[in-house]
$ cat final-v5.txt   # compact mmCIF, C-alpha atoms and all ligand atoms
# COMPACT_ATOMS: atom_id res chain seq x y z
CA MET A 1 0.00 0.00 0.00
CA ILE A 2 1.26 3.52 -0.89
CA VAL A 3 0.00 6.91 0.30
CA ILE A 4 1.11 10.03 -1.62
CA GLU A 5 0.28 13.31 0.13
CA GLY A 6 0.86 17.04 -0.22
CA CYS A 7 1.03 17.14 -4.04
CA ALA A 8 -1.05 19.04 -6.55
CA ILE A 9 -3.21 16.59 -8.50
CA ALA A 10 -4.54 16.83 -12.07
CA THR A 11 -6.81 13.81 -12.33
CA VAL A 12 -7.69 14.28 -16.05
CA ASP A 13 -11.10 12.75 -15.27
CA ALA A 14 -14.15 13.70 -17.38
CA ALA A 15 -14.87 16.72 -15.15
CA GLY A 16 -11.22 17.88 -15.14
CA THR A 17 -11.01 17.59 -11.33
CA GLU A 18 -7.85 19.10 -9.81
CA HIS A 19 -6.56 19.59 -6.25
CA THR A 20 -3.97 22.17 -5.22
CA SER A 21 -2.86 19.86 -2.38
CA GLY A 22 -4.23 16.36 -2.13
CA HIS A 23 -3.67 12.66 -1.55
CA LEU A 24 -3.71 9.37 -3.40
CA VAL A 25 -4.01 5.96 -1.78
CA ILE A 26 -2.91 2.91 -3.72
CA GLU A 27 -3.59 -0.69 -2.77
CA ASP A 28 -2.11 -3.48 -4.88
CA ASN A 29 -2.41 -2.32 -8.49
CA ARG A 30 -5.33 0.12 -8.11
CA ILE A 31 -6.15 3.60 -6.76
CA VAL A 32 -8.49 3.18 -3.78
CA ALA A 33 -8.82 6.79 -2.57
CA LEU A 34 -8.03 10.26 -3.92
CA GLY A 35 -8.98 13.78 -2.88
CA GLY A 36 -7.97 17.17 -1.43
CA GLY A 37 -6.05 17.50 1.84
CA PRO A 38 -4.27 14.69 3.74
CA ALA A 39 -5.20 11.01 3.36
CA PRO A 40 -7.94 9.73 5.68
CA ALA A 41 -6.95 7.63 8.70
CA GLY A 42 -6.59 3.89 8.35
CA TYR A 43 -3.48 3.62 6.17
CA GLU A 44 -0.85 3.90 8.94
CA THR A 45 1.17 0.90 7.72
CA ALA A 46 1.40 2.14 4.11
CA ARG A 47 4.57 3.48 2.49
CA ARG A 48 4.20 7.27 2.63
CA VAL A 49 5.47 9.51 -0.15
CA ASP A 50 5.94 13.22 0.54
CA GLY A 51 4.47 14.86 -2.57
CA ARG A 52 5.11 18.47 -1.59
CA GLY A 53 6.50 20.45 -4.53
CA CYS A 54 5.15 17.89 -6.99
CA LEU A 55 2.21 17.40 -9.37
CA ALA A 56 0.53 13.99 -9.73
CA THR A 57 -0.95 13.11 -13.10
CA PRO A 58 -1.90 9.85 -14.76
CA GLY A 59 1.14 8.05 -16.17
CA LEU A 60 1.57 9.07 -19.82
CA VAL A 61 0.50 6.72 -22.63
CA ASN A 62 2.67 6.45 -25.73
CA CYS A 63 0.58 5.46 -28.76
CA HIS A 64 3.23 5.09 -31.47
CA HIS A 65 6.84 3.95 -31.46
CA HIS A 66 9.41 1.78 -33.23
CA LEU A 67 11.76 0.77 -30.43
CA TYR A 68 14.30 -0.89 -32.74
CA GLN A 69 15.08 2.53 -34.25
CA TRP A 70 16.87 3.65 -31.06
CA ILE A 71 20.13 2.28 -32.48
CA THR A 72 19.74 4.09 -35.84
CA ARG A 73 19.41 7.63 -34.51
CA GLY A 74 21.06 10.62 -36.16
CA LEU A 75 21.00 9.22 -39.71
CA ALA A 76 19.35 10.76 -42.80
CA GLN A 77 19.11 14.06 -41.00
CA GLN A 78 17.75 16.22 -43.82
CA ALA A 79 15.55 13.59 -45.50
CA SER A 80 11.83 13.51 -46.27
CA LEU A 81 9.95 10.39 -45.12
CA PHE A 82 10.43 8.40 -48.36
CA GLU A 83 14.13 9.42 -48.64
CA TRP A 84 14.64 8.60 -44.95
CA LEU A 85 13.00 5.17 -45.31
CA THR A 86 14.97 4.39 -48.46
CA GLU A 87 18.24 5.19 -46.66
CA LEU A 88 17.32 3.25 -43.50
CA TYR A 89 15.64 0.08 -44.84
CA PRO A 90 19.01 -1.54 -45.73
CA VAL A 91 20.32 -0.81 -42.21
CA TRP A 92 17.20 -2.21 -40.55
CA ALA A 93 17.50 -5.32 -42.74
CA ARG A 94 20.54 -6.35 -40.59
CA LEU A 95 18.60 -6.25 -37.31
CA ASP A 96 18.76 -9.28 -35.01
CA ALA A 97 17.27 -10.22 -31.63
CA GLU A 98 20.30 -9.11 -29.60
CA LEU A 99 20.30 -5.67 -31.26
CA GLU A 100 16.54 -5.44 -30.78
CA LEU A 101 16.87 -6.11 -27.05
CA ALA A 102 19.49 -3.37 -26.58
CA ALA A 103 17.47 -0.88 -28.64
CA ALA A 104 14.19 -1.67 -26.90
CA ARG A 105 15.70 -1.38 -23.41
CA ALA A 106 17.11 2.06 -24.26
CA GLY A 107 13.86 3.25 -25.85
CA ILE A 108 11.78 2.04 -22.88
CA ALA A 109 14.20 3.63 -20.38
CA ALA A 110 13.74 6.98 -22.16
CA LEU A 111 9.96 6.58 -21.98
CA LEU A 112 9.82 5.61 -18.31
CA THR A 113 12.12 8.40 -17.16
CA SER A 114 9.93 10.90 -19.05
CA GLY A 115 6.76 9.83 -17.22
CA CYS A 116 5.38 7.22 -19.62
CA SER A 117 3.82 4.20 -17.89
CA THR A 118 2.16 2.53 -20.92
CA SER A 119 3.64 2.22 -24.38
CA THR A 120 2.82 0.59 -27.61
CA ASP A 121 5.44 -0.46 -30.14
CA HIS A 122 4.99 -0.95 -33.88
CA HIS A 123 7.50 -3.48 -35.14
CA TYR A 124 7.25 -4.21 -38.86
CA VAL A 125 10.79 -5.25 -39.95
CA PHE A 126 11.30 -9.00 -39.69
CA PRO A 127 14.42 -10.06 -41.65
CA ALA A 128 14.44 -13.82 -42.28
CA ALA A 129 17.45 -14.69 -40.10
CA ALA A 130 16.90 -12.13 -37.33
CA GLY A 131 15.64 -14.44 -34.59
CA ASP A 132 12.62 -13.70 -32.41
CA LEU A 133 12.44 -9.88 -32.44
CA LEU A 134 9.03 -9.67 -30.80
CA ALA A 135 10.20 -11.88 -27.91
CA ALA A 136 13.22 -9.58 -27.46
CA GLU A 137 11.15 -6.43 -27.11
CA VAL A 138 8.64 -8.13 -24.80
CA ALA A 139 11.58 -9.22 -22.61
CA ALA A 140 12.83 -5.61 -22.53
CA ALA A 141 9.41 -4.30 -21.47
CA VAL A 142 8.83 -6.98 -18.83
CA GLY A 143 12.34 -6.41 -17.46
CA LEU A 144 11.91 -2.65 -17.01
CA GLY A 145 8.28 -2.78 -15.81
CA ILE A 146 6.38 -0.75 -18.44
CA ARG A 147 2.81 -1.66 -19.44
CA PHE A 148 3.22 -2.79 -23.03
CA HIS A 149 1.04 -3.01 -26.15
CA PRO A 150 3.35 -4.28 -28.92
CA CYS A 151 1.89 -4.36 -32.42
CA ARG A 152 2.83 -7.23 -34.71
CA GLY A 153 3.59 -5.16 -37.81
CA SER A 154 4.33 -6.33 -41.33
CA MET A 155 5.25 -5.43 -44.89
CA ASP A 156 4.44 -7.59 -47.95
CA LEU A 157 4.70 -5.04 -50.79
CA GLY A 158 8.33 -4.93 -51.92
CA ARG A 159 9.82 -2.76 -54.63
CA SER A 160 9.25 -5.34 -57.37
CA ARG A 161 5.49 -5.08 -56.76
CA GLY A 162 5.35 -1.27 -56.64
CA GLY A 163 6.04 -0.78 -52.92
CA LEU A 164 8.79 1.31 -51.31
CA PRO A 165 10.79 -1.24 -49.23
CA PRO A 166 13.41 -3.53 -50.80
CA ASP A 167 12.13 -7.07 -51.42
CA GLU A 168 14.64 -8.55 -48.93
CA ILE A 169 12.79 -7.14 -45.90
CA VAL A 170 9.20 -7.94 -46.82
CA GLU A 171 7.41 -11.14 -45.80
CA ASP A 172 4.75 -13.08 -47.68
CA ARG A 173 1.14 -12.60 -46.66
CA ASP A 174 0.51 -16.09 -45.26
CA SER A 175 3.63 -15.94 -43.08
CA VAL A 176 2.58 -12.54 -41.73
CA LEU A 177 -0.91 -13.71 -40.83
CA ALA A 178 0.38 -16.92 -39.19
CA ALA A 179 3.05 -15.06 -37.18
CA THR A 180 0.54 -12.40 -36.11
CA GLU A 181 -1.93 -15.00 -34.89
CA ALA A 182 0.88 -16.82 -33.07
CA ALA A 183 1.86 -13.55 -31.33
CA ILE A 184 -1.72 -13.06 -30.12
CA GLU A 185 -1.84 -16.67 -28.93
CA ARG A 186 1.45 -16.37 -27.05
CA TYR A 187 1.31 -12.88 -25.53
CA HIS A 188 -2.13 -11.25 -25.61
CA ASP A 189 -3.64 -10.90 -22.15
CA PRO A 190 -7.18 -9.46 -22.36
CA SER A 191 -7.79 -9.66 -18.58
CA PRO A 192 -8.36 -6.55 -16.40
CA GLY A 193 -5.11 -4.91 -15.31
CA SER A 194 -3.29 -6.50 -18.25
CA MET A 195 0.41 -5.61 -18.62
CA LEU A 196 0.67 -7.01 -22.18
CA ARG A 197 -1.68 -6.78 -25.14
CA ILE A 198 -1.01 -7.38 -28.82
CA ALA A 199 -2.38 -5.36 -31.75
CA VAL A 200 -2.34 -6.16 -35.48
CA ALA A 201 -0.42 -3.56 -37.49
CA PRO A 202 0.48 -3.79 -41.20
CA CYS A 203 2.89 -0.91 -41.82
CA SER A 204 1.51 1.57 -44.38
CA PRO A 205 -0.33 1.85 -47.75
CA PHE A 206 3.00 2.00 -49.63
CA SER A 207 4.54 -1.11 -48.03
CA VAL A 208 1.52 -3.42 -47.57
CA SER A 209 -0.88 -4.94 -50.12
CA GLY A 210 -4.61 -4.24 -49.92
CA GLU A 211 -5.18 -7.99 -49.49
CA LEU A 212 -3.01 -8.09 -46.37
CA MET A 213 -4.73 -4.98 -44.96
CA ARG A 214 -8.16 -6.65 -45.37
CA GLU A 215 -7.08 -10.00 -43.96
CA ALA A 216 -5.25 -8.36 -41.05
CA ALA A 217 -8.46 -6.50 -40.13
CA ALA A 218 -10.45 -9.74 -40.30
CA LEU A 219 -7.88 -11.49 -38.10
CA ALA A 220 -7.90 -8.69 -35.50
CA ARG A 221 -11.69 -8.68 -35.33
CA ARG A 222 -11.90 -12.47 -35.08
CA ARG A 223 -9.43 -12.40 -32.17
CA GLY A 224 -10.79 -9.25 -30.47
CA VAL A 225 -7.56 -7.24 -30.68
CA ARG A 226 -6.96 -3.70 -31.94
CA LEU A 227 -5.70 -2.48 -35.32
CA HIS A 228 -2.94 0.03 -35.97
CA THR A 229 -1.10 1.44 -38.99
CA HIS A 230 0.56 4.60 -40.34
CA LEU A 231 -1.65 6.93 -42.38
CA ALA A 232 -1.56 10.24 -44.24
CA GLU A 233 1.89 11.15 -42.96
CA THR A 234 3.18 13.10 -45.99
CA VAL A 235 2.09 14.71 -49.26
CA GLU A 236 4.11 12.03 -51.08
CA GLU A 237 1.95 9.32 -49.50
CA GLU A 238 -1.19 11.14 -50.60
CA ALA A 239 0.18 11.37 -54.17
CA TYR A 240 1.04 7.63 -54.06
CA CYS A 241 -2.52 6.70 -53.01
CA ARG A 242 -4.15 8.96 -55.60
CA GLU A 243 -1.95 7.63 -58.38
CA ARG A 244 -2.13 3.95 -57.44
CA PHE A 245 -5.68 3.64 -56.06
CA GLY A 246 -7.41 6.83 -57.27
CA ARG A 247 -8.30 7.51 -53.61
CA THR A 248 -7.05 9.63 -50.73
CA PRO A 249 -5.31 7.61 -47.99
CA VAL A 250 -8.43 7.83 -45.79
CA GLN A 251 -10.79 6.76 -48.61
CA TYR A 252 -8.46 3.87 -49.40
CA LEU A 253 -8.41 2.78 -45.76
CA GLU A 254 -12.18 3.01 -45.48
CA ASP A 255 -12.55 0.82 -48.60
CA LEU A 256 -10.44 -1.79 -46.79
CA GLY A 257 -12.70 -1.79 -43.71
CA TRP A 258 -10.17 0.02 -41.57
CA LEU A 259 -12.19 2.87 -40.02
CA GLY A 260 -13.74 2.08 -36.63
CA ASP A 261 -13.46 2.42 -32.88
CA ASP A 262 -11.05 -0.53 -32.70
CA VAL A 263 -8.50 1.27 -34.91
CA TRP A 264 -5.86 3.88 -34.07
CA LEU A 265 -3.71 5.45 -36.77
CA ALA A 266 -0.31 7.13 -36.52
CA HIS A 267 0.22 10.68 -37.88
CA CYS A 268 -2.89 11.63 -39.95
CA VAL A 269 -1.20 14.91 -40.89
CA HIS A 270 -2.87 15.35 -44.27
CA LEU A 271 -6.63 15.06 -43.72
CA ASP A 272 -9.35 17.02 -45.51
CA SER A 273 -12.42 18.11 -43.54
CA ALA A 274 -14.49 15.16 -44.81
CA SER A 275 -11.84 12.76 -43.46
CA VAL A 276 -11.80 14.50 -40.09
CA ARG A 277 -15.60 14.07 -39.91
CA ARG A 278 -15.32 10.36 -40.82
CA PHE A 279 -12.83 9.85 -37.98
CA GLY A 280 -15.26 11.50 -35.53
CA ASP A 281 -18.29 9.56 -36.86
CA THR A 282 -16.54 6.19 -36.73
CA GLY A 283 -14.52 6.74 -33.52
CA THR A 284 -11.27 6.10 -35.38
CA ALA A 285 -8.40 7.25 -33.14
CA VAL A 286 -5.21 9.13 -34.03
CA ALA A 287 -1.70 8.89 -32.54
CA HIS A 288 -0.30 12.41 -33.00
CA CYS A 289 3.51 12.49 -33.27
CA PRO A 290 4.44 16.19 -33.34
CA SER A 291 8.25 15.95 -32.96
CA SER A 292 8.62 13.24 -35.60
CA ASN A 293 6.39 15.14 -38.03
CA ALA A 294 8.53 18.25 -37.47
CA ARG A 295 11.83 16.31 -37.76
CA LEU A 296 10.76 14.94 -41.17
CA GLY A 297 9.14 18.22 -42.22
CA ALA A 298 5.90 16.31 -42.82
CA GLY A 299 3.45 18.97 -41.64
CA ILE A 300 1.15 19.56 -38.64
CA ALA A 301 -1.81 17.25 -37.94
CA PRO A 302 -5.23 18.92 -37.48
CA VAL A 303 -5.49 17.94 -33.81
CA ALA A 304 -7.91 20.70 -32.75
CA GLU A 305 -10.24 19.78 -35.64
CA LEU A 306 -10.03 16.06 -34.77
CA LEU A 307 -10.88 16.78 -31.12
CA ARG A 308 -13.86 18.88 -32.21
CA SER A 309 -15.07 16.00 -34.40
CA GLY A 310 -15.03 13.69 -31.35
CA ALA A 311 -12.19 11.47 -32.60
CA PRO A 312 -9.91 10.15 -29.82
CA VAL A 313 -6.38 11.61 -30.11
CA GLY A 314 -3.32 10.37 -28.22
CA LEU A 315 0.39 11.19 -28.46
CA GLY A 316 3.30 9.18 -29.80
CA VAL A 317 7.04 9.74 -29.77
CA ASP A 318 7.37 7.69 -33.01
CA GLY A 319 10.60 5.80 -33.69
CA ALA A 320 13.79 7.41 -32.40
CA ALA A 321 15.30 7.53 -35.91
CA SER A 322 12.87 10.40 -36.60
CA ASN A 323 12.69 11.70 -33.00
CA GLU A 324 16.09 11.23 -31.43
CA ALA A 325 14.86 12.44 -28.01
CA GLY A 326 12.43 9.53 -27.65
CA GLN A 327 10.84 11.05 -24.52
CA LEU A 328 7.07 11.36 -24.15
CA GLY A 329 6.94 14.10 -21.48
CA PRO A 330 8.24 16.83 -23.85
CA GLU A 331 5.67 15.83 -26.49
CA LEU A 332 2.98 17.55 -24.38
CA ARG A 333 4.69 20.88 -25.00
CA GLN A 334 5.48 20.05 -28.61
CA ALA A 335 1.80 19.16 -29.26
CA LEU A 336 0.65 22.46 -27.79
CA LEU A 337 3.20 24.49 -29.75
CA VAL A 338 2.49 22.95 -33.16
CA ALA A 339 -1.28 23.11 -32.63
CA ARG A 340 -0.91 26.85 -32.02
CA LEU A 341 1.36 27.32 -35.02
CA ARG A 342 -1.42 25.78 -37.09
CA GLY A 343 -4.52 27.22 -35.40
CA GLY A 344 -3.55 30.21 -33.24
CA PRO A 345 -3.13 30.71 -29.48
CA ALA A 346 -6.49 29.16 -28.50
CA ALA A 347 -6.05 26.01 -30.62
CA LEU A 348 -4.94 23.78 -27.72
CA THR A 349 -4.77 24.46 -23.96
CA ALA A 350 -2.18 23.03 -21.57
CA ARG A 351 -4.91 20.82 -20.06
CA GLN A 352 -5.91 19.55 -23.48
CA ALA A 353 -2.26 18.73 -24.19
CA LEU A 354 -2.07 16.77 -20.91
CA ALA A 355 -5.29 14.95 -21.85
CA LEU A 356 -3.79 13.93 -25.22
CA GLY A 357 -0.90 12.28 -23.38
CA THR A 358 -3.14 10.50 -20.83
CA SER A 359 -6.88 9.98 -21.35
CA GLY A 360 -6.60 10.36 -25.14
CA GLY A 361 -3.86 7.75 -25.27
CA ALA A 362 -5.90 5.36 -23.13
CA ARG A 363 -8.77 5.68 -25.63
CA CYS A 364 -6.42 4.94 -28.55
CA LEU A 365 -5.51 1.65 -26.86
CA GLY A 366 -9.09 0.87 -25.79
CA ARG A 367 -8.16 1.09 -22.10
CA GLN A 368 -10.12 4.16 -21.00
CA ASP A 369 -11.95 2.11 -18.34
CA GLU A 370 -8.66 1.32 -16.55
CA LEU A 371 -6.07 3.93 -17.60
CA GLY A 372 -5.64 7.60 -18.53
CA SER A 373 -7.11 9.31 -15.44
CA LEU A 374 -6.62 9.23 -11.66
CA GLU A 375 -9.83 7.90 -10.12
CA PRO A 376 -10.64 5.35 -7.41
CA GLY A 377 -10.94 1.94 -9.06
CA LYS A 378 -8.56 2.72 -11.92
CA LEU A 379 -5.13 1.17 -12.27
CA ALA A 380 -2.42 2.89 -10.22
CA ASP A 381 -0.36 4.23 -13.14
CA VAL A 382 0.76 7.53 -11.60
CA ALA A 383 3.44 10.07 -12.53
CA LEU A 384 4.67 12.41 -9.78
CA TRP A 385 6.50 15.34 -11.39
CA ARG A 386 8.91 17.58 -9.42
CA LEU A 387 7.89 21.22 -9.94
CA ASP A 388 9.69 23.09 -7.13
CA ASP A 389 12.97 23.53 -9.02
CA LEU A 390 14.41 26.43 -11.00
CA GLY A 391 12.57 25.53 -14.20
CA HIS A 392 9.10 25.33 -12.68
CA ALA A 393 8.75 26.67 -9.12
CA ASP A 394 7.31 30.10 -9.87
CA VAL A 395 5.04 29.16 -12.79
CA ALA A 396 1.58 30.17 -11.59
CA ASP A 397 -0.23 26.95 -12.53
CA PRO A 398 1.23 23.44 -12.03
CA VAL A 399 -0.31 22.05 -15.24
CA ALA A 400 1.17 24.97 -17.20
CA ALA A 401 4.51 24.39 -15.44
CA LEU A 402 4.50 20.74 -16.55
CA VAL A 403 3.37 21.38 -20.14
CA LEU A 404 5.04 24.71 -20.94
CA GLY A 405 8.12 24.45 -18.73
CA PRO A 406 11.30 22.45 -19.35
CA PRO A 407 11.06 18.63 -19.07
CA ALA A 408 10.19 17.96 -15.42
CA ARG A 409 11.99 15.36 -13.33
CA VAL A 410 9.89 12.27 -12.64
CA GLU A 411 10.08 11.93 -8.86
CA LEU A 412 8.04 8.72 -8.87
CA LEU A 413 6.43 6.65 -11.60
CA LEU A 414 4.08 3.85 -10.63
CA VAL A 415 2.89 1.18 -13.05
CA GLY A 416 0.07 -0.80 -11.48
CA GLY A 417 1.20 0.42 -8.06
CA ARG A 418 4.80 -0.71 -8.60
CA ALA A 419 7.55 1.93 -8.53
CA VAL A 420 9.55 1.84 -11.77
CA VAL A 421 11.19 5.30 -11.57
CA GLU A 422 12.25 7.12 -8.40
CA GLY A 423 14.12 10.41 -8.18
CA GLY A 424 14.42 10.49 -11.98
CA GLU A 425 16.22 7.11 -12.10
CA LEU A 426 15.05 3.66 -13.16
CA CYS A 427 14.31 1.37 -10.20
CA ILE A 428 15.39 -1.70 -12.17
CA GLY A 429 18.42 -1.46 -14.46
CA SER A 430 21.16 1.12 -14.80
CA GLN A 431 20.74 3.93 -17.35
CA SER A 432 24.49 4.08 -18.04
CA GLU A 433 24.63 0.34 -18.70
CA ILE A 434 21.60 0.55 -21.00
CA ALA A 435 23.21 3.49 -22.85
CA GLY A 436 26.48 1.54 -23.21
CA ASP A 437 24.67 -1.49 -24.61
CA ALA A 438 22.77 0.71 -27.07
CA LEU A 439 26.00 2.33 -28.26
CA ALA A 440 27.65 -1.06 -28.81
CA ALA A 441 24.56 -2.32 -30.65
CA SER A 442 24.42 0.77 -32.85
CA ARG A 443 28.12 0.43 -33.75
CA ARG A 444 27.74 -3.26 -34.57
CA LEU A 445 24.68 -2.65 -36.75
CA LEU A 446 26.30 0.17 -38.72
CA GLU A 447 29.53 -1.82 -39.16
CA VAL A 448 27.65 -4.86 -40.48
CA THR A 449 25.65 -2.65 -42.85
CA GLU A 450 28.77 -0.93 -44.19
CA ALA A 451 30.52 -4.27 -44.69
CA ILE A 452 27.64 -5.53 -46.82
CA THR A 453 26.70 -2.44 -48.86
ZN ZN B 501 5.98 5.39 -37.19

$ encode --input "final-v5.txt" --output "structure tokens" --more "lines below"
Ligand SMILES: [Zn+2]
Amino acid sequence: MIVIEGCAIATVDAAGTEHTSGHLVIEDNRIVALGGGPAPAGYETARRVDGRGCLATPGLVNCHHHLYQWITRGLAQQASLFEWLTELYPVWARLDAELELAAARAGIAALLTSGCSTSTDHHYVFPAAAGDLLAAEVAAAVGLGIRFHPCRGSMDLGRSRGGLPPDEIVEDRDSVLAATEAAIERYHDPSPGSMLRIAVAPCSPFSVSGELMREAAALARRRGVRLHTHLAETVEEEAYCRERFGRTPVQYLEDLGWLGDDVWLAHCVHLDSASVRRFGDTGTAVAHCPSSNARLGAGIAPVAELLRSGAPVGLGVDGAASNEAGQLGPELRQALLVARLRGGPAALTARQALALGTSGGARCLGRQDELGSLEPGKLADVALWRLDDLGHADVADPVAALVLGPPARVELLLVGGRAVVEGGELCIGSQSEIAGDALAASRRLLEVTEAIT
């Protein structure tokens, strides 16, 4: 049992309840009490956390990532998406399970220490001799204590069939579907409080056949798991879809049966107003990745318009090869800034930005009943941010201090009531060791690639 007292609290519940000084009581993996002032009597044996100078929020939810990319950061620095992919596919083709483990541990460490308690991952590169890459990233997540929703991704449309990736890194459709079903069988835990759920995630319209998109959707719906893919990231993708299918990316996806409240889509930068309405009408969710979109010069997603349409919107860091920082906390600020560059100073408030990173993310993953807000009965995924330092102490409003200020130190991060970060450091695993392993992995991967190309 844990009692946190004396902190400001932003619950991000439906009413936007906040306390300037309050308490949280956690028993096993759930929140059992929360409110203003000190905790009620009856919890004398609990571990007590002094929350003075801190703000408690729900743990952040990361809705889009490619953990393997941690070891290919800093490459293709001035490239557009298609140029960047074309340069990186041959490097990623040399990935193996040992490299994957080092990359995933580093990526997850960056997420946890930036306040993220739940993350998805979209892994779509499965070279034939790479070993069990999905098992490696699951081991990384279990080892560091994050709640994990890995997506079994795929590509089956190689260059010889009009796709963008080289043929050597695409799989055939039957193998993809069999491996995806096996991943669900082996890892997917649908029970309440689940730490591990699988989603089905063919990569993108320009690397996956329409047949695989349709069959992947049928598989996901037969097994009761969620669907994820990239969509409408760049103008080049829109041109590709118009030329090849005579449709916009959203029309193409709708033809394939891919709009619905069991689907969340990464990016969605280039949407017309009819598409935004379709997302709202169908409950199709969006993982907004503002830093990655800026890094690749892709554009700014219409987040304010999507929120007005009723579509769920969460945040994603995206793979670290297009967002070297790989931290989710700073994406709150980035989301607010780009929304205002697009729509003016009232386009997104600090509280809306916090909601994108918490309750919005929980909706993307279909876990709004358990995650994304601090309420009695919900899972105890709690971030306690230190706001009494130079960067934050005199900002008038704690939510503004968190969102608009510099990245805040995570004093405590709980995942299902278990401490995974304390005083800004991982509770399990050493950051310097993880960084050293990632450096060695990155060097080995780039050396192997250079030796072959
Ligand atoms: Zn991505």

$ atom_distance --input "final-v5.txt" --atom1 "CA of Leu101 in chain A" --atom2 "CA of Glu137 in chain A"
5.7 Å

$ residues_around --input "final-v5.txt" --residues "range 199-210 of chain A" --least-positions-apart "3" --cutoff "8 Å" --atoms "all atoms listed in the file" --output "CSV table (one decimal) with C-alpha atoms, in the frame of the given file"
chain,number,residue,atom,x,y,z
A,122,HIS,CA,5.0,-1.0,-33.9
A,124,TYR,CA,7.2,-4.2,-38.9
A,149,HIS,CA,1.0,-3.0,-26.2
A,150,PRO,CA,3.4,-4.3,-28.9
A,151,CYS,CA,1.9,-4.4,-32.4
A,152,ARG,CA,2.8,-7.2,-34.7
A,153,GLY,CA,3.6,-5.2,-37.8
A,154,SER,CA,4.3,-6.3,-41.3
A,155,MET,CA,5.2,-5.4,-44.9
A,156,ASP,CA,4.4,-7.6,-48.0
A,157,LEU,CA,4.7,-5.0,-50.8
A,158,GLY,CA,8.3,-4.9,-51.9
A,163,GLY,CA,6.0,-0.8,-52.9
A,164,LEU,CA,8.8,1.3,-51.3
A,165,PRO,CA,10.8,-1.2,-49.2
A,180,THR,CA,0.5,-12.4,-36.1
A,184,ILE,CA,-1.7,-13.1,-30.1
A,213,MET,CA,-4.7,-5.0,-45.0
A,214,ARG,CA,-8.2,-6.6,-45.4
A,216,ALA,CA,-5.2,-8.4,-41.0
A,217,ALA,CA,-8.5,-6.5,-40.1
A,220,ALA,CA,-7.9,-8.7,-35.5
A,225,VAL,CA,-7.6,-7.2,-30.7
A,226,ARG,CA,-7.0,-3.7,-31.9
A,227,LEU,CA,-5.7,-2.5,-35.3
A,228,HIS,CA,-2.9,0.0,-36.0
A,229,THR,CA,-1.1,1.4,-39.0
A,230,HIS,CA,0.6,4.6,-40.3
A,231,LEU,CA,-1.6,6.9,-42.4
A,237,GLU,CA,2.0,9.3,-49.5
A,240,TYR,CA,1.0,7.6,-54.1
A,241,CYS,CA,-2.5,6.7,-53.0
A,249,PRO,CA,-5.3,7.6,-48.0
A,256,LEU,CA,-10.4,-1.8,-46.8

$ residues_around --input "final-v5.txt" --residues "Cys7 in chain A" --least-positions-apart "5" --cutoff "6 Å" --atoms "all atoms listed in the file" --output "PDB file with C-alpha atoms, in the frame of the given file"
ATOM      1  CA  SER A  21      -2.860  19.860  -2.380  1.00  0.00           C
ATOM      2  CA  GLY A  22      -4.230  16.360  -2.130  1.00  0.00           C
ATOM      3  CA  GLY A  51       4.470  14.860  -2.570  1.00  0.00           C
ATOM      4  CA  ARG A  52       5.110  18.470  -1.590  1.00  0.00           C
ATOM      5  CA  CYS A  54       5.150  17.890  -6.990  1.00  0.00           C
ATOM      6  CA  LEU A  55       2.210  17.400  -9.370  1.00  0.00           C
TER       7      LEU A  55
END

$ residues_near_ligand --input "final-v5.txt" --ligand "ligand ZN 501 (chain B)" --cutoff "8 Å" --atoms "only C-alpha atoms and all ligand atoms" --output "PyMOL selection string"
chain A and resi 64-66+122+230+266-267+318-319

$ atom_distance --input "final-v5.txt" --atom1 "CA of Pro90 in chain A" --atom2 "CA of Leu133 in chain A"
17.0 Å

$ residues_near_point --input "final-v5.txt" --point "(-6.0, -2.1, -3.0)" --cutoff "10 Å" --atoms "all atoms listed in the file" --output "NGL selection string"
:A and (1-2 or 25-33 or 376-377 or 379-380 or 417)

$ closest_residue --input "final-v5.txt" --among "A:Ala182, A:Leu112, A:Leu271, A:Val12" --to "Ala56 in chain A" --atoms "only C-alpha atoms"
A:Val12

$ closest_residue --input "final-v5.txt" --among "A:Gly343, A:Pro38, A:Gly59, A:Gly299" --to "Ser80 in chain A" --atoms "all atoms listed in the file"
A:Gly299

$ atom_distance --input "final-v5.txt" --atom1 "CA of Gln251 in chain A" --atom2 "CA of Ala232 in chain A"
10.8 Å

$ closest_residue --input "final-v5.txt" --among "A:Ala362, A:Val382, A:Ala335, A:Leu144" --to "Gln431 in chain A" --atoms "only C-alpha atoms"
A:Leu144

$ closest_residue --input "final-v5.txt" --among "A:Leu439, A:Val61, A:Leu365, A:Ile9" --to "Asp381 in chain A" --atoms "only C-alpha atoms"
A:Val61

$ closest_residue --input "final-v5.txt" --among "A:Gln368, A:Ser309, A:Thr45, A:Thr234" --to "Leu296 in chain A" --atoms "only C-alpha atoms"
A:Thr234

$ residues_around --input "final-v5.txt" --residues "Ala441 in chain A" --least-positions-apart "2" --cutoff "7 Å" --atoms "only C-alpha atoms" --output "list in words"
Ile71, Leu99, Ala102, Asp437, Ala438, Leu439, Arg443, Arg444 and Leu445 of chain A

$ write_last_selection --input "final-v5.txt" --atoms "C-alpha atoms" --output "JSON list (two decimals), in the frame of the given file"
[["chain", "number", "residue", "atom", "x", "y", "z"],
["A", 71, "ILE", "CA", 20.13, 2.28, -32.48],
["A", 99, "LEU", "CA", 20.30, -5.67, -31.26],
["A", 102, "ALA", "CA", 19.49, -3.37, -26.58],
["A", 437, "ASP", "CA", 24.67, -1.49, -24.61],
["A", 438, "ALA", "CA", 22.77, 0.71, -27.07],
["A", 439, "LEU", "CA", 26.00, 2.33, -28.26],
["A", 443, "ARG", "CA", 28.12, 0.43, -33.75],
["A", 444, "ARG", "CA", 27.74, -3.26, -34.57],
["A", 445, "LEU", "CA", 24.68, -2.65, -36.75]]
